[in-house]
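Colleague: Data file entry-v9.cif (mmCIF, C-alpha atoms and all ligand atoms) is appended below.
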data_structure
loop_
_atom_site.label_atom_id
_atom_site.label_comp_id
_atom_site.auth_asym_id
_atom_site.auth_seq_id
_atom_site.Cartn_x
_atom_site.Cartn_y
_atom_site.Cartn_z
CA MET L 1 0.00 0.00 0.00
CA LYS L 2 1.23 3.49 -0.87
CA LYS L 3 2.48 5.27 2.25
CA ILE L 4 2.04 9.03 2.55
CA GLY L 5 3.89 10.97 5.21
CA VAL L 6 2.33 14.24 6.28
CA ALA L 7 3.66 17.24 8.22
CA LEU L 8 1.22 19.50 10.02
CA LEU L 9 2.33 23.12 10.40
CA GLY L 10 0.40 24.48 13.37
CA LEU L 11 -2.06 22.63 15.59
CA GLY L 12 -4.76 25.23 16.12
CA VAL L 13 -8.48 24.65 15.58
CA VAL L 14 -8.21 23.20 12.05
CA GLY L 15 -4.80 21.57 12.56
CA GLY L 16 -6.23 19.71 15.56
CA GLY L 17 -9.35 18.68 13.64
CA THR L 18 -7.21 17.39 10.80
CA TYR L 19 -5.05 15.32 13.16
CA GLU L 20 -8.20 13.87 14.71
CA ILE L 21 -9.66 12.87 11.34
CA LEU L 22 -6.36 11.45 10.07
CA THR L 23 -6.16 9.33 13.22
CA THR L 24 -9.76 8.13 13.43
CA LYS L 25 -10.11 7.55 9.68
CA ARG L 26 -6.68 6.01 9.00
CA GLU L 27 -8.01 2.49 8.45
CA TYR L 28 -11.06 3.77 6.56
CA ILE L 29 -8.84 5.70 4.10
CA LYS L 30 -6.59 2.68 3.72
CA GLU L 31 -9.59 0.55 2.76
CA ASN L 32 -11.24 3.06 0.48
CA ASP L 33 -8.37 4.98 -1.07
CA GLY L 34 -5.51 2.51 -0.77
CA LEU L 35 -3.32 5.04 1.03
CA ASP L 36 -1.71 4.75 4.42
CA ILE L 37 -1.49 8.34 5.63
CA GLU L 38 0.69 8.94 8.64
CA VAL L 39 1.56 12.17 10.44
CA LYS L 40 5.36 12.15 10.47
CA ALA L 41 6.01 15.61 11.88
CA VAL L 42 4.33 18.63 13.42
CA LEU L 43 5.59 22.18 13.69
CA GLU L 44 4.08 23.58 16.87
CA ARG L 45 5.66 25.56 19.69
CA ASN L 46 2.87 24.92 22.19
CA LEU L 47 3.78 21.52 23.63
CA ASP L 48 0.66 21.50 25.81
CA ARG L 49 -1.38 21.48 22.61
CA VAL L 50 0.75 18.63 21.23
CA ARG L 51 0.09 16.59 24.39
CA GLU L 52 -3.59 17.54 24.46
CA LEU L 53 -3.99 16.03 20.98
CA GLY L 54 -2.11 12.89 22.05
CA ILE L 55 0.71 13.48 19.56
CA ASP L 56 4.08 11.89 20.31
CA GLU L 57 6.46 14.74 21.22
CA ALA L 58 9.16 13.03 19.18
CA LEU L 59 7.23 14.20 16.10
CA VAL L 60 7.73 17.88 16.93
CA ALA L 61 10.15 19.25 14.34
CA LYS L 62 12.63 21.96 15.30
CA ASP L 63 12.08 23.96 12.10
CA ILE L 64 10.72 23.87 8.56
CA ASP L 65 14.08 22.73 7.16
CA GLU L 66 13.87 19.52 9.15
CA ILE L 67 10.48 18.89 7.54
CA VAL L 68 11.35 19.74 3.93
CA SER L 69 14.51 17.63 4.08
CA ASN L 70 12.68 14.56 5.39
CA PRO L 71 12.22 12.10 2.48
CA ASP L 72 9.38 10.34 4.35
CA ILE L 73 7.24 13.47 4.20
CA HIS L 74 5.27 13.89 0.96
CA VAL L 75 2.63 16.41 1.91
CA VAL L 76 2.88 19.55 4.06
CA ALA L 77 -0.41 20.86 5.47
CA GLU L 78 -0.38 24.41 6.81
CA PHE L 79 -2.64 25.88 9.52
CA PHE L 80 -0.79 29.00 10.64
CA GLY L 81 -3.05 31.58 8.99
CA GLY L 82 -1.68 34.96 7.95
CA VAL L 83 0.80 35.47 5.16
CA GLU L 84 4.15 34.88 6.85
CA PRO L 85 5.78 32.55 7.71
CA ALA L 86 3.17 30.35 5.98
CA ARG L 87 4.07 31.62 2.51
CA SER L 88 7.84 31.13 2.84
CA PHE L 89 7.46 27.72 4.47
CA LEU L 90 5.10 26.48 1.75
CA ILE L 91 7.31 27.80 -1.05
CA LYS L 92 10.21 25.94 0.54
CA ALA L 93 8.11 22.78 0.79
CA LEU L 94 7.01 22.99 -2.87
CA GLU L 95 10.52 23.63 -4.13
CA ASN L 96 11.59 20.54 -2.24
CA GLY L 97 8.96 18.42 -3.95
CA LYS L 98 6.39 18.32 -1.15
CA SER L 99 2.81 19.00 -2.20
CA ILE L 100 1.06 21.53 -0.04
CA VAL L 101 -2.39 21.60 1.50
CA THR L 102 -3.69 24.81 2.98
CA ALA L 103 -6.77 26.46 4.44
CA ASN L 104 -5.06 29.83 4.37
CA LYS L 105 -7.13 31.99 2.02
CA GLU L 106 -5.29 35.21 2.76
CA MET L 107 -1.86 33.80 2.04
CA PHE L 108 -3.11 31.78 -0.92
CA SER L 109 -5.00 34.62 -2.61
CA LYS L 110 -1.98 36.90 -2.21
CA SER L 111 0.70 34.37 -3.18
CA TRP L 112 -0.91 31.98 -5.66
CA LYS L 113 1.41 32.92 -8.53
CA ASP L 114 4.57 32.42 -6.44
CA LEU L 115 3.30 29.13 -5.05
CA GLU L 116 2.53 27.99 -8.60
CA GLU L 117 6.11 28.79 -9.66
CA ALA L 118 7.53 26.91 -6.67
CA GLY L 119 5.24 23.95 -7.43
CA LYS L 120 6.50 23.81 -11.00
CA LYS L 121 10.09 23.85 -9.80
CA GLY L 122 9.57 21.02 -7.33
CA ASN L 123 6.98 19.09 -9.38
CA ALA L 124 4.64 19.34 -6.41
CA GLY L 125 0.96 20.22 -6.16
CA LEU L 126 -1.12 23.01 -4.65
CA TYR L 127 -4.26 21.84 -2.80
CA PHE L 128 -6.49 24.45 -1.22
CA GLU L 129 -10.03 23.07 -0.99
CA ALA L 130 -10.20 24.13 2.68
CA SER L 131 -9.33 27.73 1.88
CA CYS L 132 -12.86 28.51 0.73
CA VAL L 133 -16.11 27.46 2.36
CA GLY L 134 -14.59 24.94 4.81
CA GLY L 135 -15.98 21.46 4.31
CA VAL L 136 -17.99 22.34 1.18
CA PRO L 137 -16.27 21.00 -1.95
CA ILE L 138 -16.70 24.15 -4.02
CA ILE L 139 -13.14 24.20 -5.35
CA ARG L 140 -13.32 20.65 -6.62
CA THR L 141 -16.72 21.46 -8.11
CA LEU L 142 -15.30 24.42 -10.03
CA THR L 143 -12.14 22.62 -11.16
CA ASP L 144 -13.45 19.09 -11.77
CA ALA L 145 -17.17 19.24 -12.38
CA MET L 146 -17.76 22.26 -14.62
CA GLN L 147 -15.46 21.57 -17.59
CA GLY L 148 -18.40 21.68 -20.00
CA ASN L 149 -19.46 25.13 -18.92
CA LYS L 150 -18.61 28.75 -19.27
CA MET L 151 -19.32 29.94 -15.74
CA THR L 152 -21.13 33.26 -15.72
CA SER L 153 -21.86 34.10 -12.10
CA LEU L 154 -21.13 33.22 -8.53
CA LYS L 155 -22.90 34.39 -5.41
CA GLY L 156 -21.88 33.08 -2.03
CA ILE L 157 -22.15 33.29 1.71
CA VAL L 158 -18.51 32.39 2.26
CA ASN L 159 -17.88 33.64 5.79
CA GLY L 160 -19.38 31.78 8.75
CA THR L 161 -18.69 34.46 11.34
CA THR L 162 -20.64 37.19 9.57
CA ASN L 163 -23.46 34.85 8.61
CA TYR L 164 -23.71 33.74 12.23
CA ILE L 165 -23.77 37.37 13.39
CA LEU L 166 -26.34 38.53 10.81
CA SER L 167 -28.56 35.47 11.41
CA ARG L 168 -28.62 35.94 15.19
CA MET L 169 -29.13 39.69 14.94
CA SER L 170 -32.03 39.10 12.57
CA ASP L 171 -33.67 36.09 14.27
CA GLU L 172 -33.03 36.84 17.93
CA GLY L 173 -32.41 40.59 17.95
CA VAL L 174 -29.10 39.94 19.76
CA ASP L 175 -26.63 42.81 19.54
CA TYR L 176 -23.62 42.76 17.23
CA ASN L 177 -20.86 42.51 19.88
CA THR L 178 -22.47 39.58 21.73
CA CYS L 179 -22.83 37.70 18.44
CA LEU L 180 -19.22 38.40 17.50
CA LYS L 181 -17.98 37.16 20.88
CA SER L 182 -19.95 33.88 20.47
CA ALA L 183 -18.54 33.42 16.95
CA GLN L 184 -15.04 33.79 18.38
CA ASP L 185 -15.78 31.34 21.22
CA LEU L 186 -17.12 28.81 18.70
CA GLY L 187 -13.87 29.01 16.70
CA TYR L 188 -15.42 30.50 13.54
CA ALA L 189 -13.77 33.92 13.64
CA GLU L 190 -10.26 34.75 12.46
CA ALA L 191 -7.64 35.61 15.11
CA ASN L 192 -8.33 39.21 14.19
CA PRO L 193 -12.09 39.24 13.54
CA THR L 194 -11.92 42.46 11.52
CA ALA L 195 -10.87 40.13 8.69
CA ASP L 196 -14.35 38.62 8.96
CA VAL L 197 -16.56 41.60 9.75
CA ASP L 198 -14.89 44.00 7.32
CA GLY L 199 -15.20 41.55 4.45
CA PHE L 200 -11.50 40.77 3.87
CA ASP L 201 -11.99 37.04 4.42
CA SER L 202 -14.85 36.98 1.91
CA MET L 203 -12.75 39.02 -0.51
CA TYR L 204 -9.86 36.51 -0.35
CA LYS L 205 -12.30 33.67 -0.98
CA ASN L 206 -14.03 35.57 -3.78
CA SER L 207 -10.66 36.05 -5.49
CA ILE L 208 -9.84 32.33 -5.34
CA LEU L 209 -13.32 31.11 -6.36
CA SER L 210 -13.84 33.64 -9.15
CA SER L 211 -10.39 32.93 -10.59
CA LEU L 212 -11.27 29.24 -10.76
CA ALA L 213 -14.76 29.91 -12.11
CA TYR L 214 -13.67 32.21 -14.95
CA LYS L 215 -10.17 30.71 -15.56
CA LYS L 216 -8.73 34.16 -15.11
CA ARG L 217 -6.88 35.65 -12.17
CA VAL L 218 -9.25 37.91 -10.25
CA PRO L 219 -6.85 39.96 -8.10
CA LEU L 220 -7.84 41.31 -4.72
CA ASP L 221 -7.56 44.91 -5.87
CA LYS L 222 -10.30 44.33 -8.46
CA ILE L 223 -12.83 43.33 -5.80
CA TYR L 224 -15.06 45.99 -4.27
CA ARG L 225 -15.27 45.35 -0.50
CA GLU L 226 -17.55 46.44 2.30
CA GLY L 227 -18.16 44.63 5.62
CA ILE L 228 -20.98 44.37 8.15
CA SER L 229 -19.59 46.44 11.02
CA SER L 230 -21.92 49.34 10.32
CA VAL L 231 -25.05 47.24 9.72
CA ASP L 232 -27.90 48.51 11.86
CA VAL L 233 -30.30 45.96 13.31
CA ARG L 234 -33.13 48.33 12.26
CA ASP L 235 -32.43 47.61 8.59
CA LEU L 236 -32.51 43.85 9.21
CA GLU L 237 -35.96 44.33 10.74
CA ILE L 238 -37.31 46.66 8.04
CA GLY L 239 -35.79 44.40 5.39
CA LYS L 240 -37.65 41.44 6.86
CA GLU L 241 -40.93 43.35 6.67
CA LEU L 242 -40.21 44.10 3.00
CA GLY L 243 -39.46 40.44 2.29
CA TYR L 244 -35.67 40.55 2.30
CA THR L 245 -32.91 38.75 4.20
CA MET L 246 -29.54 40.40 4.69
CA LYS L 247 -26.39 38.43 3.91
CA LEU L 248 -22.74 39.34 3.45
CA LEU L 249 -22.29 38.17 -0.15
CA ALA L 250 -19.29 37.45 -2.32
CA ILE L 251 -20.53 38.19 -5.82
CA SER L 252 -18.91 37.91 -9.21
CA LYS L 253 -20.06 37.92 -12.82
CA ASP L 254 -18.24 37.30 -16.05
CA ASP L 255 -19.52 37.68 -19.62
CA GLY L 256 -16.38 36.37 -21.28
CA LYS L 257 -14.97 39.86 -21.70
CA MET L 258 -15.59 41.75 -18.47
CA THR L 259 -15.45 40.49 -14.90
CA GLU L 260 -17.13 42.13 -11.95
CA ALA L 261 -16.38 41.11 -8.35
CA ARG L 262 -17.57 42.50 -5.05
CA VAL L 263 -18.20 41.76 -1.38
CA HIS L 264 -20.82 43.65 0.59
CA PRO L 265 -23.93 43.13 2.70
CA ALA L 266 -26.94 42.69 0.45
CA PHE L 267 -30.64 42.04 0.69
CA LEU L 268 -31.87 38.87 -0.98
CA PRO L 269 -35.55 38.06 -1.49
CA ALA L 270 -36.61 35.83 1.43
CA GLU L 271 -37.42 33.04 -1.08
CA HIS L 272 -33.90 33.00 -2.57
CA PRO L 273 -32.18 29.70 -1.62
CA LEU L 274 -29.28 31.62 -0.06
CA SER L 275 -31.70 33.36 2.33
CA ALA L 276 -32.30 30.03 4.07
CA VAL L 277 -28.59 29.65 4.90
CA LYS L 278 -28.31 30.50 8.58
CA GLY L 279 -25.79 30.57 11.39
CA SER L 280 -22.23 29.60 10.56
CA PHE L 281 -23.38 27.67 7.48
CA ASN L 282 -22.08 28.80 4.10
CA ALA L 283 -23.40 28.29 0.58
CA VAL L 284 -22.31 29.14 -2.92
CA PHE L 285 -24.70 29.58 -5.82
CA ILE L 286 -23.04 29.31 -9.23
CA HIS L 287 -24.35 29.51 -12.76
CA GLY L 288 -22.88 27.86 -15.85
CA ASP L 289 -24.14 28.17 -19.41
CA ASN L 290 -24.98 24.47 -19.64
CA VAL L 291 -25.47 23.25 -16.08
CA ASP L 292 -27.70 26.26 -15.16
CA ASP L 293 -27.84 26.93 -11.39
CA VAL L 294 -25.91 24.85 -8.85
CA MET L 295 -25.87 25.49 -5.11
CA LEU L 296 -23.52 23.95 -2.57
CA TYR L 297 -24.27 24.24 1.13
CA GLY L 298 -22.48 23.25 4.30
CA ARG L 299 -20.22 24.23 7.12
CA GLY L 300 -17.72 26.87 6.10
CA ALA L 301 -15.71 26.93 9.30
CA GLY L 302 -14.84 24.87 12.34
CA SER L 303 -12.31 22.25 13.17
CA LEU L 304 -13.81 19.04 11.76
CA PRO L 305 -15.63 20.46 8.69
CA THR L 306 -12.50 22.30 7.55
CA GLY L 307 -10.36 19.31 8.60
CA SER L 308 -12.58 17.18 6.34
CA ALA L 309 -11.57 19.30 3.31
CA ILE L 310 -7.91 19.21 4.36
CA VAL L 311 -7.94 15.42 4.64
CA SER L 312 -9.58 15.11 1.21
CA ASP L 313 -6.79 17.29 -0.22
CA ILE L 314 -4.13 15.17 1.50
CA VAL L 315 -5.66 12.09 -0.14
CA PHE L 316 -5.62 13.79 -3.57
CA ALA L 317 -2.09 15.12 -3.07
CA GLY L 318 -0.96 11.65 -2.01
CA LYS L 319 -2.68 9.81 -4.88
CA ASN L 320 -1.87 12.16 -7.74
CA THR L 321 1.34 11.50 -9.60
CA THR L 322 0.94 14.64 -11.71
CA HIS L 323 -0.48 17.79 -10.22
CA ARG L 324 -2.89 20.34 -11.68
CA ARG L 325 -1.29 23.56 -12.90
CA PHE L 326 -3.34 26.74 -13.09
CA ALA L 327 -2.34 28.17 -16.46
CA PHE L 328 -4.06 31.53 -15.87
CA GLU L 329 -1.45 32.30 -13.25
CA ASP L 330 1.02 32.74 -16.13
CA VAL L 331 -1.15 35.38 -17.81
CA GLU L 332 -0.70 39.08 -17.01
CA VAL L 333 -3.79 40.69 -15.49
CA ASP L 334 -5.59 42.89 -18.02
CA ASP L 335 -6.95 45.80 -15.97
CA SER L 336 -9.38 46.79 -18.73
CA SER L 337 -11.23 43.47 -18.37
CA PHE L 338 -12.51 44.32 -14.87
CA ALA L 339 -15.65 46.39 -14.32
CA THR L 340 -15.27 49.48 -12.17
CA ASP L 341 -19.01 49.97 -11.69
CA PHE L 342 -21.94 47.63 -11.17
CA ILE L 343 -25.72 47.61 -11.36
CA THR L 344 -28.15 46.61 -8.60
CA GLU L 345 -31.42 47.64 -7.00
CA TYR L 346 -31.18 49.68 -3.80
CA TYR L 347 -32.73 49.96 -0.37
CA LEU L 348 -32.09 53.43 1.05
CA ARG L 349 -32.90 54.75 4.51
CA PHE L 350 -32.56 58.43 5.32
CA ALA L 351 -32.88 60.07 8.72
CA VAL L 352 -35.09 63.10 8.09
CA SER L 353 -36.49 66.07 9.96
CA ASN L 354 -39.69 66.56 7.95
CA GLN L 355 -41.04 63.20 6.81
CA GLY L 356 -43.72 64.30 4.34
CA GLU L 357 -41.51 66.83 2.57
CA ALA L 358 -38.49 64.54 2.63
CA LEU L 359 -40.43 61.60 1.20
CA SER L 360 -41.71 63.55 -1.82
CA LYS L 361 -38.41 65.30 -2.48
CA ILE L 362 -36.33 62.13 -2.20
CA THR L 363 -38.58 60.14 -4.55
CA ALA L 364 -38.75 63.04 -7.04
CA LEU L 365 -34.99 63.42 -7.06
CA ILE L 366 -34.41 59.71 -7.65
CA GLU L 367 -36.97 59.56 -10.47
CA ASP L 368 -35.65 62.76 -12.07
CA ASN L 369 -32.36 60.90 -12.41
CA GLY L 370 -34.00 58.11 -14.40
CA VAL L 371 -34.26 55.52 -11.60
CA SER L 372 -37.72 54.22 -10.63
CA VAL L 373 -38.84 54.22 -7.03
CA GLU L 374 -40.49 50.83 -6.41
CA ARG L 375 -41.47 51.48 -2.79
CA ALA L 376 -41.34 54.52 -0.54
CA MET L 377 -42.50 54.89 3.05
CA THR L 378 -41.83 56.63 6.31
CA LYS L 379 -40.89 54.74 9.45
CA GLY L 380 -40.41 56.70 12.64
CA ASP L 381 -37.97 59.49 11.79
CA ASP L 382 -36.78 57.70 8.67
CA VAL L 383 -37.70 57.59 5.02
CA ILE L 384 -37.23 54.23 3.30
CA VAL L 385 -36.98 53.92 -0.48
CA VAL L 386 -36.53 50.84 -2.65
CA THR L 387 -35.38 51.59 -6.20
CA SER L 388 -35.17 49.80 -9.52
CA LYS L 389 -31.75 48.99 -10.96
CA SER L 390 -29.14 51.69 -11.17
CA ASN L 391 -25.39 51.96 -11.65
CA GLU L 392 -23.65 52.16 -8.29
CA SER L 393 -21.80 55.33 -9.32
CA LYS L 394 -25.07 56.99 -10.32
CA MET L 395 -26.80 55.95 -7.09
CA GLN L 396 -23.92 57.25 -4.97
CA ALA L 397 -24.16 60.60 -6.78
CA ILE L 398 -27.95 60.74 -6.23
CA VAL L 399 -27.51 59.97 -2.53
CA ARG L 400 -24.95 62.78 -2.14
CA VAL L 401 -27.52 65.24 -3.58
CA ILE L 402 -30.31 63.87 -1.34
CA GLU L 403 -28.10 64.35 1.71
CA ARG L 404 -27.93 68.04 0.91
CA LEU L 405 -31.74 68.49 1.01
CA SER L 406 -32.81 70.63 3.96
CA ALA L 407 -35.44 68.06 5.05
CA VAL L 408 -32.83 65.28 5.20
CA ASP L 409 -30.39 64.80 8.08
CA CYS L 410 -28.23 61.98 6.71
CA LEU L 411 -28.12 58.64 4.94
CA GLY L 412 -28.92 55.89 7.49
CA ALA L 413 -28.31 52.89 5.21
CA LEU L 414 -27.67 51.92 1.62
CA VAL L 415 -28.16 48.22 1.00
CA ARG L 416 -27.85 46.69 -2.44
CA ILE L 417 -30.55 44.21 -3.42
CA GLU L 418 -29.51 41.06 -5.27
CA ARG L 419 -31.78 38.48 -6.90
N1 LIG K 501 -13.29 33.09 9.81
C1 LIG K 501 -13.73 32.24 8.74
C2 LIG K 501 -15.25 32.24 8.73
C3 LIG K 501 -13.20 30.86 8.94
O1 LIG K 501 -15.85 32.75 9.68
O2 LIG K 501 -15.83 31.78 7.76
C4 LIG K 501 -13.31 29.99 7.74
O3 LIG K 501 -12.60 30.49 6.65
#
In structure tokens, what does this structure look like?
Ligand code: HSE
Modeller:
Amino acid sequence: MKKIGVALLGLGVVGGGTYEILTTKREYIKENDGLDIEVKAVLERNLDRVRELGIDEALVAKDIDEIVSNPDIHVVAEFFGGVEPARSFLIKALENGKSIVTANKEMFSKSWKDLEEAGKKGNAGLYFEASCVGGVPIIRTLTDAMQGNKMTSLKGIVNGTTNYILSRMSDEGVDYNTCLKSAQDLGYAEANPTADVDGFDSMYKNSILSSLAYKKRVPLDKIYREGISSVDVRDLEIGKELGYTMKLLAISKDDGKMTEARVHPAFLPAEHPLSAVKGSFNAVFIHGDNVDDVMLYGRGAGSLPTGSAIVSDIVFAGKNTTHRRFAFEDVEVDDSSFATDFITEYYLRFAVSNQGEALSKITALIEDNGVSVERAMTKGDDVIVVTSKSNESKMQAIVRVIERLSAVDCLGALVRIER
């Protein structure tokens, strides 16, 4: 039976989950995949954690060089998070012929091209299923199940922390900080949760997924980003009354010429399948020209769900004798093929001093600019307007003019509506 030696870099939440699965499923994988996968080394400073997981301390390596020079290690799985030293260690591993497995979306989205180069040099593979949407096999779906399609759009709830926060705020009326604290305690949030709540984590994942979907590198600086830290629970409530559910969405579209990519909170109609995705669950809704709509749903974070994707990658890395190369990483990014504006419907809330006057002036101003007002109402001291589709740039300009009306105090919320 083929023997595969694995090194685990870091034994945090996902590293621990991976060790647990590799241990409990060792015989099962032998029977089903014909591979005997053994953890040959770990790189972890916290010896208490090593003991807690029941790992033999003799497996603790002194540094990355000891790991990359060990001929019994074939696959290096990384769980550090953050860009360095993960990036340098994985480049070293690849150059030394070790395939890499990673859940590190930040490092991967920022270093894909360099990792690809190192993989070519060392004839080793890059496996990153766990980097996006935890245990949900979205990467394998995009790379291995959609070959007969030109993918045209992707819409996903790809961050468990923010979905957990928005779901609890909406369903239980619990405040933002309490929800964030629970997400951290449950192990969903990043070490620095601003990566979650400000949309960076979703942006990294959007870059990886959209690049795979459209076979074109979608760099981070081409993705519009906005997080949930200024979401007001009032808008979740009003949205619900209007038939919408708020989600932090990673969105991208591609027509073969132009690509558009963004991350921001958005209202979805309550009947949209993504609206039913609650708590830390994630889901991705993709569209291909032949397959039509496909939706994948599952746990996007947590030790065992993410460990499940890591173990699957270790099996693939161990089985494959040739590794997939991502040819688009060799192509220079063409700036002119990325949209700088986008079109959606809008939910707007303005704090006003004179409701009747404000309502008629706001609606008139929007319609004078060629955008239809689908719904308009007052609610307490606020005016709420739902519009038809508009360019984002145009809507931002309209809002700036509305803010200058004497009857209007300020913009309370601008939420894009997706369908
Ligand atoms: N912080 C991430 C999330 C972990 O909440 O989804 C999984 O990438």
Colleague: List every protein, DNA or RNA residue with an atom no more than 10 Å from (-5.4, 13.7, 5.5) in the file's coordinates, counting all atoms listed in the file, and format the result as a PyMOL selection string.
Modeller: chain L and resi 4-6+8+18-23+25-26+29+35-39+75+77+101+307-318
Colleague: Which one is closest to ligand LIG 501 (chain K): L:Val291, L:Leu11, L:Leu53, L:Val133? Count only C-alpha atoms and all ligand atoms.
Modeller: L:Val133
Colleague: If you measure from CA of Glu116 in chain L to CA of Ser131 in chain L, what distance in Å do you get, rounded to one decimal?
Modeller: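 Distance between the two atoms: 15.8 Å.
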Colleague: List every protein, DNA or RNA residue that has an atom no more than 9 Å from (-35.6, 47.4, -13.4) in the file's coordinate frame, counting all atoms listed in the file, and report them as a list in words.
Modeller: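 Checking each residue against the 9 Å limit leaves Thr344, Glu345, Val371, Ser372, Thr387, Ser388, Lys389 and Ser390 of chain L.
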Colleague: Which residues are near Phe338 in chain L? Cut-off 7 Å, all atoms listed in the file, ignore same chain within fewer than 6 positions. Put them as a VMD selection string.
Modeller: chain L and resid 222 258 to 260
Colleague: CA of Gly173 in chain L and CA of Ser202 in chain L are how many Å apart?
Modeller: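 Those two atoms sit 24.1 Å apart.
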Colleague: Generate the coordinates of N, CA, C and O atoms for range 19-33 of chain L; report them as a compact mmCIF listing (two decimals), in the coordinates of the input.
Modeller:
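Written out: rebuild30.txt:
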# COMPACT_ATOMS: atom_id res chain seq x y z
N TYR L 19 -5.76 16.44 12.51
CA TYR L 19 -5.05 15.32 13.16
C TYR L 19 -6.07 14.28 13.64
O TYR L 19 -5.88 13.08 13.46
N GLU L 20 -7.17 14.79 14.20
CA GLU L 20 -8.20 13.87 14.71
C GLU L 20 -8.76 13.00 13.59
O GLU L 20 -8.88 11.79 13.72
N ILE L 21 -9.06 13.64 12.45
CA ILE L 21 -9.66 12.87 11.34
C ILE L 21 -8.63 11.88 10.77
O ILE L 21 -8.95 10.72 10.50
N LEU L 22 -7.39 12.36 10.62
CA LEU L 22 -6.36 11.45 10.07
C LEU L 22 -6.17 10.23 10.97
O LEU L 22 -5.89 9.13 10.51
N THR L 23 -6.35 10.43 12.28
CA THR L 23 -6.16 9.33 13.22
C THR L 23 -7.37 8.40 13.21
O THR L 23 -7.23 7.18 13.04
N THR L 24 -8.57 9.00 13.33
CA THR L 24 -9.76 8.13 13.43
C THR L 24 -10.12 7.48 12.10
O THR L 24 -10.74 6.42 12.07
N LYS L 25 -9.72 8.10 10.99
CA LYS L 25 -10.11 7.55 9.68
C LYS L 25 -8.94 6.87 8.96
O LYS L 25 -9.02 6.61 7.77
N ARG L 26 -7.85 6.58 9.68
CA ARG L 26 -6.68 6.01 9.00
C ARG L 26 -7.01 4.68 8.30
O ARG L 26 -6.70 4.49 7.12
N GLU L 27 -7.69 3.80 9.03
CA GLU L 27 -8.01 2.49 8.45
C GLU L 27 -9.04 2.63 7.32
O GLU L 27 -8.95 1.96 6.29
N TYR L 28 -9.98 3.52 7.53
CA TYR L 28 -11.06 3.77 6.56
C TYR L 28 -10.46 4.27 5.23
O TYR L 28 -10.84 3.81 4.15
N ILE L 29 -9.49 5.17 5.32
CA ILE L 29 -8.84 5.70 4.10
C ILE L 29 -7.98 4.62 3.45
O ILE L 29 -7.94 4.51 2.23
N LYS L 30 -7.37 3.80 4.28
CA LYS L 30 -6.59 2.68 3.72
C LYS L 30 -7.49 1.79 2.87
O LYS L 30 -7.18 1.45 1.74
N GLU L 31 -8.66 1.44 3.45
CA GLU L 31 -9.59 0.55 2.76
C GLU L 31 -10.15 1.17 1.49
O GLU L 31 -10.26 0.53 0.46
N ASN L 32 -10.51 2.44 1.59
CA ASN L 32 -11.24 3.06 0.48
C ASN L 32 -10.36 3.72 -0.56
O ASN L 32 -10.72 3.79 -1.73
N ASP L 33 -9.22 4.24 -0.13
CA ASP L 33 -8.37 4.98 -1.07
C ASP L 33 -7.02 4.30 -1.30
O ASP L 33 -6.23 4.78 -2.12
